[in-house]
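Peer 1: The following file, input36.pdb, comprises PDB, C-alpha atoms:
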```pdb
MODEL        1
ATOM      1  CA  MET G1278      65.973  14.497 -49.632
ATOM      2  CA  ARG G1279      68.999  16.048 -51.142
ATOM      3  CA  ARG G1280      68.832  19.255 -53.157
ATOM      4  CA  THR G1281      71.344  20.704 -55.554
ATOM      5  CA  GLN G1282      71.450  24.512 -55.887
ATOM      6  CA  GLY G1283      67.811  24.910 -54.791
ATOM      7  CA  ARG G1284      66.536  22.183 -57.111
ATOM      8  CA  PRO G1285      65.304  18.731 -56.090
ATOM      9  CA  SER G1286      67.774  15.905 -56.538
ATOM     10  CA  HIS G1287      67.322  13.394 -59.356
ATOM     11  CA  ALA G1288      65.960  10.839 -56.861
ATOM     12  CA  VAL G1289      63.343  13.312 -55.587
ATOM     13  CA  THR G1290      62.338  14.245 -59.133
ATOM     14  CA  ALA G1291      62.037  10.556 -60.095
ATOM     15  CA  SER G1292      59.945   9.878 -56.985
ATOM     16  CA  LEU G1293      57.621  12.765 -57.761
ATOM     17  CA  GLU G1294      57.214  11.594 -61.357
ATOM     18  CA  ARG G1295      56.357   8.081 -60.102
ATOM     19  CA  LEU G1296      53.819   9.556 -57.674
ATOM     20  CA  ILE G1297      52.208  11.511 -60.507
ATOM     21  CA  SER G1298      52.100   8.360 -62.624
ATOM     22  CA  LEU G1299      50.426   6.359 -59.830
ATOM     23  CA  ALA G1300      47.876   9.146 -59.313
ATOM     24  CA  ALA G1301      47.094   9.209 -63.041
ATOM     25  CA  GLU G1302      46.605   5.428 -63.035
ATOM     26  CA  ALA G1303      44.117   5.871 -60.179
ATOM     27  CA  GLY G1304      42.243   8.524 -62.171
ATOM     28  CA  LEU G1305      43.418  11.518 -60.168
ATOM     29  CA  ASP G1306      44.558  14.755 -61.798
ATOM     30  CA  PHE G1307      46.936  17.143 -60.081
ATOM     31  CA  SER G1308      47.730  20.637 -61.239
ATOM     32  CA  LYS G1309      50.814  20.988 -59.092
ATOM     33  CA  VAL G1310      53.221  18.682 -57.281
ATOM     34  CA  GLU G1311      55.836  20.191 -54.990
ATOM     35  CA  SER G1312      58.477  18.844 -52.709
ATOM     36  CA  LEU G1313      58.747  21.036 -49.620
ATOM     37  CA  GLY G1314      61.562  19.617 -47.553
ATOM     38  CA  ASP G1315      60.361  16.175 -46.462
ATOM     39  CA  THR G1316      56.740  16.914 -47.457
ATOM     40  CA  VAL G1317      55.170  16.285 -50.851
ATOM     41  CA  VAL G1318      52.233  18.556 -51.693
ATOM     42  CA  LEU G1319      49.713  17.543 -54.356
ATOM     43  CA  LEU G1320      47.248  20.187 -55.497
ATOM     44  CA  ALA G1321      44.298  19.118 -57.582
ATOM     45  CA  GLY G1322      43.222  21.522 -60.283
ATOM     46  CA  ARG G1323      39.653  22.737 -60.375
ATOM     47  CA  CYS G1324      37.632  22.853 -63.533
ATOM     48  CA  TRP G1325      35.648  25.905 -64.603
ATOM     49  CA  GLU G1326      32.272  24.567 -63.410
ATOM     50  CA  HIS G1327      33.635  23.781 -59.955
ATOM     51  CA  SER G1328      35.079  27.252 -59.393
ATOM     52  CA  ALA G1329      32.103  29.047 -60.971
ATOM     53  CA  ASN G1330      29.633  27.295 -58.655
ATOM     54  CA  ILE G1331      31.659  28.251 -55.571
ATOM     55  CA  ASP G1332      31.652  31.856 -56.761
ATOM     56  CA  LEU G1333      27.880  31.782 -57.409
ATOM     57  CA  VAL G1334      27.245  30.679 -53.815
ATOM     58  CA  ARG G1335      29.709  33.227 -52.391
ATOM     59  CA  LYS G1336      28.055  36.140 -54.219
ATOM     60  CA  GLN G1337      24.667  35.344 -52.664
ATOM     61  CA  ILE G1338      25.758  35.271 -49.024
ATOM     62  CA  PRO G1339      24.685  38.542 -47.337
ATOM     63  CA  ARG G1340      27.933  40.422 -46.772
ATOM     64  CA  GLU G1341      26.892  42.858 -44.084
ATOM     65  CA  ARG G1342      26.775  40.215 -41.313
ATOM     66  CA  ARG G1343      28.659  37.231 -42.689
ATOM     67  CA  HIS G1344      32.107  36.448 -43.974
ATOM     68  CA  THR G1345      33.132  33.859 -46.533
ATOM     69  CA  VAL G1346      36.537  32.294 -46.889
ATOM     70  CA  SER G1347      38.086  29.714 -49.213
ATOM     71  CA  GLY G1348      41.314  27.791 -48.954
ATOM     72  CA  VAL G1349      41.281  27.787 -45.142
ATOM     73  CA  ASP G1350      41.786  24.707 -42.974
ATOM     74  CA  LEU G1351      38.733  23.746 -40.940
ATOM     75  CA  ARG G1352      39.267  22.474 -37.404
ATOM     76  CA  LEU G1353      37.232  19.409 -36.449
ATOM     77  CA  THR G1354      36.373  18.372 -32.906
ATOM     78  CA  SER G1355      35.916  14.763 -34.035
ATOM     79  CA  GLU G1356      39.474  14.211 -35.308
ATOM     80  CA  PRO G1357      42.828  15.939 -35.724
ATOM     81  CA  THR G1358      42.679  16.286 -39.526
ATOM     82  CA  GLU G1359      41.905  19.687 -41.032
ATOM     83  CA  PRO G1360      40.012  19.499 -44.328
ATOM     84  CA  VAL G1361      39.771  22.535 -46.593
ATOM     85  CA  PRO G1362      36.130  23.084 -47.630
ATOM     86  CA  ASP G1363      35.463  24.908 -50.890
ATOM     87  CA  LEU G1364      33.704  27.692 -48.973
ATOM     88  CA  ILE G1365      33.256  28.473 -45.281
ATOM     89  CA  VAL G1366      30.706  30.993 -44.003
ATOM     90  CA  VAL G1367      31.345  32.431 -40.541
ATOM     91  CA  PRO G1368      29.508  35.151 -38.595
ATOM     92  CA  GLU G1369      32.661  37.123 -37.732
ATOM     93  CA  PRO G1370      35.858  37.827 -39.676
ATOM     94  CA  LEU G1371      38.718  35.492 -38.902
ATOM     95  CA  ALA G1372      41.848  36.790 -37.237
ATOM     96  CA  PRO G1373      45.036  36.487 -39.296
ATOM     97  CA  GLY G1374      46.152  32.860 -39.267
ATOM     98  CA  ALA G1375      42.942  31.644 -37.598
ATOM     99  CA  LYS G1376      41.277  28.365 -38.472
ATOM    100  CA  PRO G1377      37.549  28.148 -37.725
ATOM    101  CA  TRP G1378      36.028  25.247 -35.818
ATOM    102  CA  ALA G1379      33.325  23.369 -37.756
ATOM    103  CA  HIS G1380      30.724  23.946 -35.029
ATOM    104  CA  GLU G1381      31.346  27.726 -35.131
ATOM    105  CA  THR G1382      30.592  28.041 -38.846
ATOM    106  CA  GLU G1383      27.231  28.933 -40.333
ATOM    107  CA  LEU G1384      27.663  26.980 -43.564
ATOM    108  CA  LEU G1385      30.212  24.666 -45.156
ATOM    109  CA  VAL G1386      30.069  24.307 -48.931
ATOM    110  CA  GLU G1387      31.627  21.556 -51.008
ATOM    111  CA  VAL G1388      31.321  21.289 -54.776
ATOM    112  CA  VAL G1389      31.534  17.630 -55.725
ATOM    113  CA  SER G1390      34.589  16.792 -57.765
ATOM    114  CA  GLN G1391      34.227  14.740 -60.916
ATOM    115  CA  ARG G1392      36.199  11.802 -59.575
ATOM    116  CA  ASN G1393      36.254  11.820 -55.760
ATOM    117  CA  TYR G1394      32.552  12.360 -55.105
ATOM    118  CA  ARG G1395      32.265   9.641 -52.450
ATOM    119  CA  GLU G1396      34.406  11.653 -50.041
ATOM    120  CA  ASP G1397      32.088  14.682 -50.355
ATOM    121  CA  TYR G1398      28.904  12.635 -49.939
ATOM    122  CA  GLU G1399      30.095  10.255 -47.239
ATOM    123  CA  GLY G1400      33.414  11.107 -45.599
ATOM    124  CA  LYS G1401      33.071  14.867 -45.266
ATOM    125  CA  ARG G1402      29.382  14.667 -44.364
ATOM    126  CA  ARG G1403      30.196  12.264 -41.525
ATOM    127  CA  ARG G1404      33.173  14.298 -40.310
ATOM    128  CA  TYR G1405      31.289  17.612 -40.444
ATOM    129  CA  ALA G1406      28.277  16.157 -38.613
ATOM    130  CA  GLN G1407      30.466  14.574 -35.908
ATOM    131  CA  SER G1408      32.094  17.979 -35.374
ATOM    132  CA  GLY G1409      28.727  19.777 -35.100
ATOM    133  CA  ALA G1410      28.800  21.863 -38.308
ATOM    134  CA  PRO G1411      25.250  23.327 -38.361
ATOM    135  CA  GLN G1412      24.817  23.145 -42.146
ATOM    136  CA  TYR G1413      26.627  21.480 -44.998
ATOM    137  CA  LEU G1414      25.700  22.335 -48.587
ATOM    138  CA  LEU G1415      26.828  19.876 -51.224
ATOM    139  CA  VAL G1416      26.684  21.191 -54.790
ATOM    140  CA  ASP G1417      26.821  18.299 -57.263
ATOM    141  CA  PRO G1418      27.521  19.374 -60.877
ATOM    142  CA  ARG G1419      27.598  15.698 -61.918
ATOM    143  CA  ASP G1420      23.891  15.169 -61.183
ATOM    144  CA  GLY G1421      22.750  18.810 -61.177
ATOM    145  CA  VAL G1422      21.570  18.834 -57.559
ATOM    146  CA  CYS G1423      22.272  20.560 -54.255
ATOM    147  CA  VAL G1424      21.984  18.630 -51.005
ATOM    148  CA  LEU G1425      21.519  20.670 -47.821
ATOM    149  CA  TYR G1426      22.351  18.847 -44.592
ATOM    150  CA  THR G1427      20.996  20.484 -41.419
ATOM    151  CA  VAL G1428      20.826  19.553 -37.693
ATOM    152  CA  PRO G1429      23.935  17.455 -37.071
ATOM    153  CA  LEU G1430      23.585  14.217 -35.137
ATOM    154  CA  LYS G1431      27.130  14.141 -33.797
ATOM    155  CA  GLY G1432      27.079  10.627 -32.343
ATOM    156  CA  GLU G1433      25.700   9.123 -35.541
ATOM    157  CA  GLY G1434      27.853  11.158 -37.930
ATOM    158  CA  THR G1435      24.910  12.269 -40.033
ATOM    159  CA  TYR G1436      22.321  15.029 -40.258
ATOM    160  CA  ASP G1437      18.685  14.871 -39.190
ATOM    161  CA  GLU G1438      17.395  16.977 -42.084
ATOM    162  CA  ILE G1439      18.526  16.326 -45.658
ATOM    163  CA  VAL G1440      16.933  18.228 -48.543
ATOM    164  CA  THR G1441      17.858  17.654 -52.196
ATOM    165  CA  THR G1442      17.117  20.392 -54.734
ATOM    166  CA  LYS G1443      17.655  20.278 -58.500
ATOM    167  CA  PHE G1444      19.711  22.996 -60.176
ATOM    168  CA  GLY G1445      17.330  25.728 -61.267
ATOM    169  CA  GLN G1446      15.197  25.414 -58.127
ATOM    170  CA  PRO G1447      15.926  27.559 -55.053
ATOM    171  CA  VAL G1448      17.542  25.953 -52.019
ATOM    172  CA  GLU G1449      15.392  26.881 -49.031
ATOM    173  CA  GLY G1450      16.478  26.827 -45.406
ATOM    174  CA  VAL G1451      20.078  28.021 -45.713
ATOM    175  CA  LEU G1452      20.551  29.676 -42.330
ATOM    176  CA  CYS G1453      23.074  32.307 -43.441
ATOM    177  CA  MET G1454      20.751  33.552 -46.213
ATOM    178  CA  ASP G1455      18.628  35.601 -43.755
ATOM    179  CA  GLY G1456      15.517  33.651 -44.729
ATOM    180  CA  GLY G1457      16.052  34.067 -48.459
ATOM    181  CA  PRO G1458      16.528  31.198 -50.892
ATOM    182  CA  LEU G1459      19.814  30.300 -52.545
ATOM    183  CA  ASP G1460      19.378  30.739 -56.298
ATOM    184  CA  THR G1461      20.764  27.811 -58.296
ATOM    185  CA  SER G1462      19.505  28.906 -61.719
ATOM    186  CA  GLU G1463      23.032  29.701 -62.939
ATOM    187  CA  PHE G1464      24.798  26.689 -61.416
ATOM    188  CA  LEU G1465      26.842  24.791 -63.971
ATOM    189  CA  ARG G1466      26.914  21.067 -64.595
ATOM    190  CA  TYR G1467      30.036  19.205 -65.617
ATOM    191  CA  THR G1468      30.313  18.673 -69.342
TER     192      THR G1468
ENDMDL
END
```
Step by step, read the file and then write its structure as structure tokens.
Peer 2:
Amino acid sequence: MRRTQGRPSHAVTASLERLISLAAEAGLDFSKVESLGDTVVLLAGRCWEHSANIDLVRKQIPRERRHTVSGVDLRLTSEPTEPVPDLIVVPEPLAPGAKPWAHETELLVEVVSQRNYREDYEGKRRRYAQSGAPQYLLVDPRDGVCVLYTVPLKGEGTYDEIVTTKFGQPVEGVLCMDGGPLDTSEFLRYT
């Protein structure tokens, strides 16, 4: 890719515009598209409900013995890809630049997107289970439910215990909650 005075060339700009157009035709929305050398980065924007629900979970995690992080790559033992969960709860603070392993986390949280919900329900659940993540909480603002996956069956790529709770009802059994329930009374549904 050729750049002129720090700006992308016309060909790069045209390619990025075509990529955005193809994504829009597929029903995907991106808040930012960047060309970084020979890499194109697409960042999907989050809606208010998505971000608010992540924050509502984060605020309930006991801070004295647990640490929450967002926007951090998660290392999987089952494959070389590194997804970025909406929220990761770990027992110890991460060192600068560290990426936690799925099996070393206490809880992985994903808030279902409006359009790509299959990946959260199927793909990520399978990948997290295969990598031994002890718990995976799926918050679904589309249907107003939380799904808590516990006891990974690594070879099968699923979880042994799956509990679905409607928004407004407490989610019981979240290991990092020190025995307390996760309050969902303020969780927001997509409008």
Peer 1: Could you tell me which residues the PyMOL selection byres ((chain G and resi 1411-1415) around 9) grabs in this file, written as a ChimeraX atom specification?
Peer 2: /G:1379-1389,1397-1398,1402,1405-1406,1409-1410,1416-1417,1422-1429,1436,1451-1452
Peer 1: Could you turn the residues from that selection into a file that holds C-alpha atoms, as a compact mmCIF listing (two decimals), keeping the file's coordinate frame?
Peer 2:
```
# COMPACT_ATOMS: atom_id res chain seq x y z
CA ALA G 1379 33.33 23.37 -37.76
CA HIS G 1380 30.72 23.95 -35.03
CA GLU G 1381 31.35 27.73 -35.13
CA THR G 1382 30.59 28.04 -38.85
CA GLU G 1383 27.23 28.93 -40.33
CA LEU G 1384 27.66 26.98 -43.56
CA LEU G 1385 30.21 24.67 -45.16
CA VAL G 1386 30.07 24.31 -48.93
CA GLU G 1387 31.63 21.56 -51.01
CA VAL G 1388 31.32 21.29 -54.78
CA VAL G 1389 31.53 17.63 -55.72
CA ASP G 1397 32.09 14.68 -50.36
CA TYR G 1398 28.90 12.64 -49.94
CA ARG G 1402 29.38 14.67 -44.36
CA TYR G 1405 31.29 17.61 -40.44
CA ALA G 1406 28.28 16.16 -38.61
CA GLY G 1409 28.73 19.78 -35.10
CA ALA G 1410 28.80 21.86 -38.31
CA VAL G 1416 26.68 21.19 -54.79
CA ASP G 1417 26.82 18.30 -57.26
CA VAL G 1422 21.57 18.83 -57.56
CA CYS G 1423 22.27 20.56 -54.26
CA VAL G 1424 21.98 18.63 -51.00
CA LEU G 1425 21.52 20.67 -47.82
CA TYR G 1426 22.35 18.85 -44.59
CA THR G 1427 21.00 20.48 -41.42
CA VAL G 1428 20.83 19.55 -37.69
CA PRO G 1429 23.94 17.45 -37.07
CA TYR G 1436 22.32 15.03 -40.26
CA VAL G 1451 20.08 28.02 -45.71
CA LEU G 1452 20.55 29.68 -42.33
```
Peer 1: Using only C-alpha atoms, can you tell me which of G:Gly1434, G:Pro1373, G:Arg1352, G:Asp1420 comes closest to G:Glu1399?
Peer 2: G:Gly1434
Peer 1: Show me, as an MDAnalysis selection string, the residues that have an atom within 7 Å of G:Ile1338 when counting all atoms listed in the file, minus same-chain residues fewer than 2 positions from it.
Peer 2: chainID G and resid 1334:1336 1340 1453:1454
Peer 1: Could you name the residues that touch G:His1327 at 9 Å or less, counting only C-alpha atoms, but leaving out those on the same chain fewer than 6 positions away, as a PyMOL selection string?
Peer 2: chain G and resi 1388-1390+1418+1465-1467
Peer 1: Could you dump the residues just selected with C-alpha atoms as an mmCIF file, in the frame of the given file?
Peer 2:
```
data_model
loop_
_atom_site.group_PDB
_atom_site.id
_atom_site.type_symbol
_atom_site.label_atom_id
_atom_site.label_comp_id
_atom_site.auth_asym_id
_atom_site.auth_seq_id
_atom_site.Cartn_x
_atom_site.Cartn_y
_atom_site.Cartn_z
ATOM 1 C CA VAL G 1388 31.321 21.289 -54.776
ATOM 2 C CA VAL G 1389 31.534 17.630 -55.725
ATOM 3 C CA SER G 1390 34.589 16.792 -57.765
ATOM 4 C CA PRO G 1418 27.521 19.374 -60.877
ATOM 5 C CA LEU G 1465 26.842 24.791 -63.971
ATOM 6 C CA ARG G 1466 26.914 21.067 -64.595
ATOM 7 C CA TYR G 1467 30.036 19.205 -65.617
#
```
Peer 1: Which polymer residues, whether protein, DNA or RNA, lie within 12 Å of the coordinate (16.3, 28.3, -54.3) when you count only C-alpha atoms? List them as number ranges by chain, using the chain letters and numbers from the file.
Peer 2: G: 1334, 1337, 1422-1425, 1440-1451, 1454, 1456-1464
Peer 1: Could you work out how far atom CA of G:Lys1376 lies from atom CA of G:Asp1350, giving the answer in Å with one decimal?
Peer 2: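 We find that atom CA of G:Asp1350 and atom CA of G:Lys1376 lie 5.8 Å from each other.
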Peer 1: Which residue gives the smallest distance to G:Ser1408 among G:Cys1324, G:Ala1291, G:Leu1364, G:Leu1353, with all atoms listed in the file counted?
Peer 2: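 Selected residue with least distance to G:Ser1408: G:Leu1353.
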